[in-house]
>>> print(open('entry07.cif').read())   # mmCIF, C-alpha atoms
data_target
#
loop_
_atom_site.label_atom_id
_atom_site.label_comp_id
_atom_site.auth_asym_id
_atom_site.auth_seq_id
_atom_site.Cartn_x
_atom_site.Cartn_y
_atom_site.Cartn_z
CA MET G 1 232.02 159.44 -101.81
CA ALA G 2 232.11 162.46 -99.57
CA TYR G 3 232.77 160.60 -96.33
CA LEU G 4 235.97 158.98 -97.41
CA LYS G 5 238.75 160.87 -95.75
CA GLY G 6 242.48 160.64 -96.00
CA ASN G 7 243.64 159.05 -99.22
CA ALA G 8 247.19 157.91 -98.69
CA GLN G 9 249.20 159.81 -101.26
CA GLY G 10 252.32 158.40 -102.81
CA ASP G 11 254.39 161.51 -102.27
CA ILE G 12 253.92 161.36 -98.50
CA LEU G 13 255.98 158.19 -98.32
CA SER G 14 258.49 159.04 -101.03
CA GLY G 15 260.72 160.95 -98.62
CA PHE G 16 261.06 157.90 -96.39
CA GLY G 17 261.19 154.96 -98.73
CA GLN G 18 264.10 156.07 -100.91
CA GLY G 19 266.93 154.64 -98.78
CA SER G 20 265.66 151.10 -98.59
CA GLN G 21 264.80 149.75 -102.01
CA ALA G 22 264.26 146.26 -100.62
CA ASP G 23 261.28 147.43 -98.60
CA ASP G 24 259.45 148.89 -101.57
CA ASN G 25 257.40 145.81 -102.27
CA LEU G 26 256.23 145.82 -98.64
CA ILE G 27 254.68 149.24 -98.94
CA ASP G 28 251.23 149.35 -100.42
CA GLU G 29 250.25 152.91 -101.00
CA ASN G 30 246.90 152.20 -102.50
CA THR G 31 244.85 152.37 -99.31
CA ILE G 32 241.94 154.45 -98.12
CA LEU G 33 240.87 155.25 -94.60
CA VAL G 34 237.17 155.43 -93.78
CA GLN G 35 236.71 157.30 -90.52
CA ARG G 36 233.14 156.43 -89.61
CA ASN G 37 230.71 153.63 -88.92
CA LEU G 38 229.18 152.05 -92.02
CA ARG G 39 225.49 151.57 -91.45
CA SER G 40 222.89 149.45 -93.17
CA GLY G 41 222.60 150.46 -96.83
CA GLN G 42 226.00 152.17 -96.97
CA SER G 43 228.84 150.73 -98.97
CA VAL G 44 232.48 151.32 -99.78
CA ARG G 45 234.05 150.02 -103.00
CA TYR G 46 237.69 150.63 -103.62
CA SER G 47 240.39 149.34 -105.85
CA GLY G 48 243.08 148.83 -103.21
CA ASN G 49 243.05 148.31 -99.44
CA VAL G 50 240.37 149.66 -97.14
CA VAL G 51 240.85 150.53 -93.47
CA ILE G 52 237.74 151.40 -91.51
CA LEU G 53 237.98 153.25 -88.23
CA GLY G 54 234.55 152.24 -86.99
CA ASP G 55 232.01 149.44 -87.20
CA VAL G 56 230.55 147.82 -90.30
CA ASN G 57 226.95 147.08 -89.40
CA PRO G 58 224.63 144.42 -90.82
CA GLY G 59 223.38 145.53 -94.23
CA ALA G 60 226.56 147.50 -95.01
CA GLU G 61 229.04 146.33 -97.65
CA VAL G 62 232.75 146.77 -98.15
CA THR G 63 234.37 145.65 -101.39
CA ALA G 64 238.10 146.00 -102.04
CA THR G 65 240.51 144.53 -104.53
CA GLY G 66 243.04 144.36 -101.70
CA ASN G 67 242.81 143.79 -97.93
CA ILE G 68 240.07 145.01 -95.61
CA ILE G 69 240.85 146.01 -92.05
CA VAL G 70 238.07 147.01 -89.69
CA MET G 71 239.15 148.71 -86.49
CA GLY G 72 235.82 147.94 -84.89
CA ALA G 73 233.08 145.33 -85.15
CA LEU G 74 232.54 143.79 -88.56
CA ARG G 75 228.94 142.60 -88.86
CA GLY G 76 228.15 143.34 -92.51
CA VAL G 77 229.28 141.87 -95.82
CA VAL G 78 232.91 142.19 -96.89
CA HIS G 79 234.66 141.18 -100.06
CA ALA G 80 238.44 141.34 -100.09
CA GLY G 81 240.51 140.56 -103.19
CA ALA G 82 237.48 141.31 -105.32
CA ASN G 83 239.49 141.00 -108.54
CA GLY G 84 240.55 137.48 -107.65
CA ASP G 85 243.54 138.13 -105.37
CA GLU G 86 243.62 135.06 -103.12
CA THR G 87 246.30 136.53 -100.87
CA ALA G 88 243.92 139.25 -99.65
CA VAL G 89 242.95 139.17 -95.98
CA VAL G 90 240.13 140.50 -93.85
CA MET G 91 240.94 141.59 -90.34
CA ALA G 92 238.62 143.00 -87.69
CA LEU G 93 238.77 143.69 -83.98
CA SER G 94 235.52 141.76 -83.77
CA LEU G 95 234.97 139.56 -86.81
CA ASN G 96 231.30 138.61 -87.07
CA PRO G 97 230.38 139.24 -90.70
CA THR G 98 227.04 138.45 -92.31
CA GLN G 99 229.09 137.07 -95.17
CA LEU G 100 232.81 137.08 -95.84
CA ARG G 101 234.22 136.79 -99.34
CA ILE G 102 237.82 136.57 -100.39
CA ALA G 103 238.50 136.45 -104.14
CA ASN G 104 235.93 133.93 -105.38
CA HIS G 105 235.42 132.16 -102.06
CA ILE G 106 232.19 132.91 -100.24
CA THR G 107 231.71 131.99 -96.58
CA ARG G 108 229.20 132.72 -93.89
CA PRO G 109 229.27 132.04 -90.16
CA PRO G 110 227.76 128.74 -88.95
CA ASP G 111 224.02 129.02 -88.40
CA ASN G 112 224.14 128.02 -84.75
CA GLU G 113 226.89 130.41 -83.74
CA THR G 114 225.36 133.46 -82.11
CA VAL G 115 228.05 134.62 -79.68
CA GLU G 116 229.91 137.70 -80.79
CA LEU G 117 233.59 137.26 -80.08
CA ALA G 118 235.30 140.51 -79.27
CA LEU G 119 238.87 139.52 -80.07
CA PRO G 120 240.81 140.51 -83.15
CA GLU G 121 240.63 137.87 -85.85
CA ILE G 122 241.98 137.53 -89.36
CA ALA G 123 240.50 135.67 -92.29
CA ARG G 124 242.60 134.48 -95.22
CA ILE G 125 242.73 131.67 -97.73
CA LYS G 126 244.89 128.75 -96.65
CA ASP G 127 245.12 125.69 -98.88
CA GLY G 128 242.09 126.86 -100.83
CA VAL G 129 239.92 127.27 -97.73
CA VAL G 130 238.94 130.49 -95.95
CA THR G 131 240.48 130.19 -92.50
CA ILE G 132 239.78 132.42 -89.53
CA GLU G 133 242.24 132.64 -86.68
CA ALA G 134 242.99 134.92 -83.77
CA PHE G 135 245.14 137.83 -84.84
CA GLN G 136 248.49 137.90 -83.12
CA THR G 137 250.98 140.70 -83.11
CA GLY G 138 254.12 140.07 -85.10
CA GLY G 139 253.12 140.00 -88.75
CA GLU G 140 255.78 137.49 -89.86
CA ARG G 141 254.45 134.73 -87.63
CA GLN G 142 251.12 135.10 -89.38
CA GLY G 143 252.73 133.85 -92.53
CA LYS G 144 252.06 137.08 -94.33
CA ILE G 145 252.96 140.63 -93.64
CA ILE G 146 250.01 142.95 -93.66
CA MET O 1 213.01 180.66 -82.02
CA GLY O 2 211.85 177.10 -81.53
CA GLU O 3 213.38 173.75 -82.26
CA VAL O 4 212.21 171.29 -84.91
CA ILE O 5 212.48 167.63 -83.88
CA VAL O 6 211.66 164.80 -86.26
CA ILE O 7 210.62 161.42 -84.88
CA THR O 8 211.48 158.61 -87.25
CA SER O 9 212.24 154.88 -87.35
CA GLY O 10 212.32 153.40 -90.84
CA LYS O 11 210.20 150.42 -89.87
CA GLY O 12 206.48 150.86 -89.34
CA GLY O 13 204.61 150.02 -86.17
CA VAL O 14 207.41 150.67 -83.70
CA GLY O 15 205.65 153.62 -82.07
CA LYS O 16 206.57 156.83 -83.91
CA THR O 17 203.08 158.29 -83.72
CA THR O 18 202.54 157.25 -80.11
CA THR O 19 205.91 158.74 -79.21
CA THR O 20 205.16 161.97 -81.08
CA ALA O 21 201.82 162.33 -79.31
CA ASN O 22 203.32 161.63 -75.90
CA ILE O 23 206.37 163.86 -76.20
CA GLY O 24 204.22 166.67 -77.59
CA THR O 25 201.64 166.32 -74.85
CA GLY O 26 204.34 166.11 -72.19
CA LEU O 27 206.11 169.24 -73.39
CA ALA O 28 202.84 171.14 -73.62
CA ALA O 29 201.99 170.03 -70.07
CA MET O 30 205.30 171.57 -68.94
CA GLY O 31 204.07 174.88 -70.34
CA TYR O 32 205.84 174.94 -73.69
CA LYS O 33 204.12 175.95 -76.90
CA VAL O 34 204.19 172.85 -79.10
CA ALA O 35 203.18 172.14 -82.69
CA LEU O 36 202.83 168.53 -83.83
CA VAL O 37 203.10 167.96 -87.58
CA ASP O 38 201.84 164.74 -89.16
CA THR O 39 203.75 164.15 -92.41
CA ASP O 40 202.28 160.72 -93.07
CA ILE O 41 200.17 161.99 -95.96
CA GLY O 42 197.63 159.40 -97.06
CA LEU O 43 197.86 157.40 -93.83
CA ARG O 44 197.30 159.97 -91.15
CA ASN O 45 197.08 158.73 -87.57
CA LEU O 46 198.34 161.40 -85.22
CA ASP O 47 194.98 163.17 -85.15
CA VAL O 48 193.29 159.91 -84.11
CA VAL O 49 195.80 159.21 -81.34
CA LEU O 50 195.24 162.73 -80.01
CA GLY O 51 191.46 162.43 -80.36
CA LEU O 52 191.28 165.43 -82.71
CA GLU O 53 190.14 163.69 -85.88
CA ASN O 54 186.75 165.33 -86.00
CA ARG O 55 188.14 168.87 -85.87
CA ILE O 56 190.17 168.74 -89.07
CA VAL O 57 189.18 171.32 -91.69
CA TYR O 58 192.45 172.09 -93.44
CA ASP O 59 195.60 169.98 -93.61
CA ILE O 60 199.31 170.21 -94.39
CA VAL O 61 198.77 170.05 -98.16
CA ASP O 62 196.31 172.95 -97.98
CA VAL O 63 199.00 174.97 -96.19
CA THR O 64 201.90 174.14 -98.52
CA SER O 65 199.82 174.65 -101.65
CA GLY O 66 198.47 177.97 -100.36
CA ASN O 67 194.80 176.98 -99.99
CA CYS O 68 194.75 178.30 -96.45
CA ARG O 69 196.88 180.13 -93.92
CA LEU O 70 198.99 178.14 -91.47
CA LYS O 71 196.96 179.42 -88.50
CA GLN O 72 193.75 178.12 -90.06
CA ALA O 73 195.06 174.59 -90.38
CA LEU O 74 196.50 174.31 -86.85
CA ILE O 75 194.11 172.49 -84.54
CA LYS O 76 194.15 173.34 -80.84
CA ASP O 77 194.27 170.38 -78.51
CA LYS O 78 191.18 169.86 -76.40
CA ARG O 79 193.06 169.39 -73.14
CA LEU O 80 196.25 171.42 -73.28
CA GLU O 81 196.45 175.12 -74.08
CA GLY O 82 199.88 175.07 -75.72
CA LEU O 83 199.43 171.98 -77.92
CA HIS O 84 198.62 172.30 -81.63
CA LEU O 85 198.35 169.79 -84.46
CA LEU O 86 198.95 170.27 -88.15
CA PRO O 87 197.26 167.19 -89.61
CA ALA O 88 198.29 165.28 -92.72
CA ALA O 89 196.05 165.07 -95.75
CA GLN O 90 194.32 161.74 -96.15
CA THR O 91 193.25 161.90 -99.78
CA LYS O 92 196.60 162.90 -101.30
CA ASP O 93 199.93 161.11 -101.36
CA LYS O 94 203.49 161.90 -100.27
CA THR O 95 204.35 163.70 -103.52
CA ALA O 96 201.81 166.44 -102.70
CA VAL O 97 204.52 168.11 -100.57
CA ASN O 98 208.20 168.64 -101.38
CA PRO O 99 211.20 169.13 -99.08
CA ASP O 100 211.50 172.84 -99.90
CA GLN O 101 207.91 173.43 -98.86
CA MET O 102 208.53 171.48 -95.65
CA ARG O 103 211.61 173.59 -94.90
CA GLN O 104 209.56 176.76 -95.30
CA LEU O 105 206.75 175.33 -93.16
CA CYS O 106 209.18 174.43 -90.36
CA GLU O 107 210.68 177.94 -90.49
CA ASP O 108 207.21 179.45 -90.15
CA LEU O 109 206.26 177.15 -87.27
CA LYS O 110 209.56 177.72 -85.46
CA SER O 111 208.87 181.42 -85.08
CA ASP O 112 205.60 180.74 -83.25
CA PHE O 113 206.35 177.61 -81.22
CA ASP O 114 208.95 176.42 -78.69
CA TYR O 115 208.92 172.90 -80.10
CA VAL O 116 207.83 171.63 -83.51
CA ILE O 117 207.60 167.84 -83.48
CA ILE O 118 207.32 166.02 -86.79
CA ASP O 119 205.83 162.56 -87.04
CA CYS O 120 207.67 160.86 -89.91
CA PRO O 121 206.06 158.14 -92.04
CA ALA O 122 207.60 154.68 -92.25
CA GLY O 123 209.97 154.08 -95.14
CA ILE O 124 212.87 156.01 -96.64
CA GLU O 125 211.19 157.54 -99.67
CA GLN O 126 209.79 161.00 -100.27
CA GLY O 127 207.68 161.00 -97.11
CA PHE O 128 210.82 160.51 -95.05
CA ARG O 129 212.75 163.11 -97.02
CA ASN O 130 209.92 165.61 -96.53
CA ALA O 131 209.76 164.93 -92.80
CA ILE O 132 213.47 165.45 -92.16
CA ALA O 133 213.90 168.42 -94.52
CA GLY O 134 213.26 171.15 -91.97
CA ALA O 135 214.38 169.32 -88.82
CA ASP O 136 217.09 170.53 -86.44
CA LYS O 137 217.25 167.33 -84.42
CA ALA O 138 216.13 163.73 -84.85
CA LEU O 139 214.83 161.06 -82.51
CA VAL O 140 214.95 157.48 -83.75
CA VAL O 141 212.43 155.01 -82.34
CA THR O 142 213.14 151.30 -82.41
CA THR O 143 211.92 148.13 -80.75
CA PRO O 144 214.09 145.23 -79.56
CA GLU O 145 213.65 143.30 -82.81
CA VAL O 146 216.40 142.60 -85.31
CA SER O 147 214.38 144.03 -88.19
CA ALA O 148 213.54 147.27 -86.38
CA VAL O 149 217.15 147.76 -85.29
CA ARG O 150 218.35 147.12 -88.84
CA ASP O 151 215.96 149.76 -90.18
CA ALA O 152 216.95 152.19 -87.43
CA ASP O 153 220.57 151.73 -88.46
CA ARG O 154 219.70 152.54 -92.06
CA ILE O 155 217.75 155.60 -90.94
CA ILE O 156 220.60 156.87 -88.76
CA GLY O 157 222.88 156.58 -91.79
CA LEU O 158 220.43 158.55 -93.94
CA LEU O 159 219.99 161.17 -91.21
CA GLU O 160 223.74 161.64 -90.99
CA ALA O 161 223.92 161.94 -94.77
CA ALA O 162 221.28 164.68 -94.50
CA ASP O 163 223.43 166.45 -91.88
CA LEU O 164 221.20 165.54 -88.95
CA ARG O 165 224.07 164.46 -86.75
CA GLU O 166 223.82 162.70 -83.41
CA PRO O 167 220.25 161.49 -83.48
CA ARG O 168 219.03 160.19 -80.13
CA LEU O 169 217.46 156.79 -79.64
CA ILE O 170 214.21 155.69 -78.01
CA ILE O 171 213.81 151.97 -77.41
CA ASN O 172 210.15 151.11 -77.28
CA ARG O 173 208.23 148.05 -76.06
CA ILE O 174 211.04 146.41 -74.14
CA ARG O 175 210.13 143.51 -71.86
CA PRO O 176 212.67 143.35 -69.04
CA LYS O 177 211.68 139.80 -68.15
CA MET O 178 212.32 138.50 -71.67
CA VAL O 179 215.62 140.37 -71.78
CA ARG O 180 216.67 138.71 -68.51
CA GLN O 181 215.82 135.32 -69.95
CA GLY O 182 217.88 136.10 -73.04
CA ASP O 183 214.87 135.92 -75.35
CA MET O 184 214.94 139.58 -76.33
CA MET O 185 217.67 141.98 -77.44
CA SER O 186 218.87 144.01 -74.50
CA ILE O 187 219.40 147.77 -74.43
CA GLU O 188 223.16 147.14 -74.53
CA ASP O 189 222.84 144.92 -77.64
CA ILE O 190 220.95 147.66 -79.46
CA ILE O 191 223.26 150.49 -78.41
CA ASP O 192 226.22 148.34 -79.41
CA ILE O 193 224.98 148.14 -83.00
CA LEU O 194 223.54 151.62 -83.41
CA ALA O 195 226.22 153.57 -81.49
CA VAL O 196 224.03 156.58 -80.72
CA ASP O 197 222.93 158.28 -77.50
CA LEU O 198 220.02 156.72 -75.68
CA LEU O 199 217.22 159.15 -74.85
CA GLY O 200 214.98 156.68 -73.10
CA VAL O 201 213.45 153.24 -72.86
CA ILE O 202 209.73 152.53 -72.76
CA PRO O 203 208.64 149.22 -71.29
CA GLU O 204 205.86 147.24 -72.93
CA ASP O 205 202.64 148.36 -71.29
CA GLU O 206 199.04 147.43 -72.03
CA MET O 207 198.03 150.91 -70.98
CA ILE O 208 199.50 152.27 -74.23
CA VAL O 209 196.89 150.37 -76.25
CA ILE O 210 194.11 151.49 -73.97
CA THR O 211 195.06 155.17 -73.86
CA THR O 212 195.90 155.32 -77.58
CA ASN O 213 192.52 153.91 -78.52
CA ARG O 214 190.88 156.40 -76.20
CA GLY O 215 192.74 159.28 -77.84
CA GLU O 216 194.51 160.30 -74.62
CA PRO O 217 198.31 160.08 -74.53
CA VAL O 218 199.62 157.86 -71.72
CA VAL O 219 202.13 160.50 -70.60
CA ASN O 220 199.37 162.14 -68.57
CA ASP O 221 199.01 159.02 -66.44
CA ARG O 222 201.91 158.94 -63.97
CA ASN O 223 200.71 155.66 -62.50
CA THR O 224 201.69 153.63 -65.56
CA ARG O 225 205.22 152.48 -66.33
CA ALA O 226 205.03 153.72 -69.91
CA GLY O 227 203.63 157.05 -68.73
CA GLN O 228 206.59 157.51 -66.37
CA ALA O 229 209.04 156.51 -69.08
CA TYR O 230 207.57 159.05 -71.50
CA GLN O 231 207.55 161.67 -68.76
CA ASN O 232 211.31 161.11 -68.29
CA ILE O 233 211.91 161.34 -72.04
CA VAL O 234 209.97 164.59 -72.24
CA ARG O 235 212.08 166.13 -69.48
CA ARG O 236 215.26 165.02 -71.25
CA VAL O 237 214.05 166.58 -74.50
CA ALA O 238 213.47 169.80 -72.55
CA GLY O 239 217.09 169.65 -71.42
CA GLU O 240 216.77 168.24 -67.89
CA GLU O 241 219.04 165.53 -66.57
CA VAL O 242 216.85 162.61 -65.60
CA PRO O 243 218.30 159.27 -64.47
CA MET O 244 217.28 156.16 -66.40
CA MET O 245 214.31 154.33 -64.95
CA ASN O 246 214.97 151.00 -63.30
CA LEU O 247 213.10 148.60 -65.56
CA ASP O 248 213.46 145.64 -63.25
CA GLU O 249 211.18 147.21 -60.73
CA GLU O 250 207.93 145.37 -60.43
CA SER O 251 204.61 147.08 -60.05
CA GLY O 252 203.86 148.32 -56.56
CA PHE O 253 201.28 145.83 -55.43
CA PHE O 254 203.24 142.68 -56.28
CA LYS O 255 206.41 144.10 -54.82
CA LYS O 256 204.67 144.75 -51.55
CA LEU O 257 203.03 141.34 -51.64
CA LYS O 258 206.35 139.62 -52.23
CA LYS O 259 207.90 141.57 -49.39
CA ILE O 260 205.10 140.50 -47.10
CA ILE O 261 205.37 136.83 -47.94
CA GLY O 262 209.15 137.05 -47.71
CA LEU O 263 210.24 136.50 -51.31
CA LYS O 264 212.41 139.60 -51.32
#
>>> encode(input="entry07.cif", output="structure tokens")
Amino acid sequence: MAYLKGNAQGDILSGFGQGSQADDNLIDENTILVQRNLRSGQSVRYSGNVVILGDVNPGAEVTATGNIIVMGALRGVVHAGANGDETAVVMALSLNPTQLRIANHITRPPDNETVELALPEIARIKDGVVTIEAFQTGGERQGKII
Amino acid sequence: MGEVIVITSGKGGVGKTTTTANIGTGLAAMGYKVALVDTDIGLRNLDVVLGLENRIVYDIVDVTSGNCRLKQALIKDKRLEGLHLLPAAQTKDKTAVNPDQMRQLCEDLKSDFDYVIIDCPAGIEQGFRNAIAGADKALVVTTPEVSAVRDADRIIGLLEAADLREPRLIINRIRPKMVRQGDMMSIEDIIDILAVDLLGVIPEDEMIVITTNRGEPVVNDRNTRAGQAYQNIVRRVAGEEVPMMNLDEESGFFKKLKKIIGLK
């Protein structure tokens, strides 16, 4: 896809990561950055993590085998951990998806909820249930480093 | 060298043709030389809205297939000197023209006119691709309905993919009272989703139906709300800075009446 910019290359990080072997499992290089709004009918599929610098509008779809982070309003359909990874998370500055899927869990917002919250939220699977909570700074306190 | 502007929406019935007719008429009234092109082959309407239906001899398919010269197919408007219409064919379908032919047609028109305004058909198939092929700029028309906004979003994505960046938005048929009551999407709601520049807002106005059926664009009638709104849009298209109209304003008579009886 022509509009995908900036594919994080392994060799960019290699100069930094060498000294601290312990941190290696915390660095996930397989991530793409999408620097635009995704509009109805547009979709991104990626085997890895996806970061979107823009909104995901209703009718747009993002599918990733890893995590999905939307630095904007998420109103479309997202599927994180598409290969069955239940530790995958979805985070958005405004999390109002049409449908949110993590691994093989499918959720949608309650029918009567129409207010768009404009605070960062994170969705992940906790005890087999997709849970959405406010995103707080300090990754460790979230129970998982992202 | 003129400018080719395509007016599109995705969804049908939101006011593309009415908008095309009004912007074209408005620009021609300002003294510009304007060509309107109807690309809705098989379902032509622009000629009817302009009241020029009975003057059609040749159409866009005759031009692109070489049956006639461009000048022969262009119909002069009956009111305005600078306004011309290239009508769509009614008996053919969208495949009768291809994007390359449209590009050539737009190039030819650009050399003769200040503005070439293309009325795009509904949908995203060949008719749409033809209409946008030769365009320099795009205007997207939507109404405050979820379905229309969804389609506009899709269209903006397709326009960007076709390198028509930064389309401008026209919100049609808004009812300020319903917006205030929370029963209709507001301008802010729509802009929030579509994230494009707003060119103008046209309030719902019965006069549109009346003038459209009469074959006289409402933009000529400064006494109507919709006419004023279109007038503002036309001036913005021509590059003027025009402040947004206050939609909350009530019509003159009732405002005065309310002032008299002390409601305001």
>>> resolve_selection(input="entry07.cif", expression="the PyMOL selection byres ((chain O) within 10 of (chain G))", output="list in words")
Val149, Arg150, Asp151, Ala152, Asp153, Arg154, Ile155, Ile156, Gly157, Leu158, Ala161, Asp192, Ile193, Leu194 and Ala195 of chain O
>>> residues_near_point(input="entry07.cif", point="(233.6, 144.5, -83.5)", cutoff="7 Å", atoms="all atoms listed in the file", output="ChimeraX atom specification")
/G:55,72-74,92-95,118
>>> atom_distance(input="entry07.cif", atom1="atom CA of O:Thr39", atom2="atom CA of O:Gly127")
6.9 Å
>>> residues_near_point(input="entry07.cif", point="(230.1, 140.0, -95.5)", cutoff="10 Å", atoms="all atoms listed in the file", output="list in words")
Val56, Asn57, Pro58, Gly59, Ala60, Glu61, Val62, Thr63, Leu74, Arg75, Gly76, Val77, Val78, His79, Ala80, Leu95, Asn96, Pro97, Thr98, Gln99, Leu100, Arg101, Ile102, Ile106, Thr107, Arg108 and Pro109 of chain G
>>> resolve_selection(input="entry07.cif", expression="the PyMOL selection byres ((chain O and resi 76-82) around 7)", output="ChimeraX atom specification")
/O:28-29,31-34,74-75,83-85
>>> atom_distance(input="entry07.cif", atom1="atom CA of O:Val234", atom2="atom CA of O:Asn54")
27.0 Å
>>> resolve_selection(input="entry07.cif", expression="the PyMOL selection byres ((chain O and resi 15) around 10)", output="list in words")
Ile7, Thr8, Ser9, Lys11, Gly12, Gly13, Val14, Lys16, Thr17, Thr18, Thr19, Thr20, Ala21, Val141, Thr142, Thr143, Ile170, Ile171, Asn172 and Arg173 of chain O
>>> residues_around(input="entry07.cif", residues="O:Leu70", least_positions_apart="5", cutoff="9 Å", atoms="all atoms listed in the file", output="PyMOL selection string")
chain O and resi 60+62-64+86+105+108-109
>>> closest_residue(input="entry07.cif", among="G:Ala64, G:Ile122, G:Val50, G:Ile69", to="G:Asp85", atoms="only C-alpha atoms")
G:Ala64
>>> residues_around(input="entry07.cif", residues="G:His105", least_positions_apart="6", cutoff="10 Å", atoms="all atoms listed in the file", output="ChimeraX atom specification")
/G:79-82,84,86,125,128-130
>>> closest_residue(input="entry07.cif", among="G:Met91, G:Val34, G:Ile132, G:Asn104", to="G:Leu53", atoms="only C-alpha atoms")
G:Val34
>>> atom_distance(input="entry07.cif", atom1="atom CA of O:Arg175", atom2="atom CA of O:Val242")
21.2 Å
>>> residues_around(input="entry07.cif", residues="O:Phe128", least_positions_apart="3", cutoff="10 Å", atoms="only C-alpha atoms", output="list of chain:residue names")
O:Val6, O:Thr8, O:Ser9, O:Gly10, O:Thr39, O:Asp40, O:Lys94, O:Pro99, O:Asp119, O:Cys120, O:Pro121, O:Ala122, O:Gly123, O:Ile124, O:Glu125, O:Ala131, O:Ile132, O:Ala133, O:Ile155, O:Leu158, O:Leu159
>>> closest_residue(input="entry07.cif", among="O:Glu107, O:Glu204, O:Glu166, O:Glu145", to="O:Met185", atoms="all atoms listed in the file")
O:Glu145
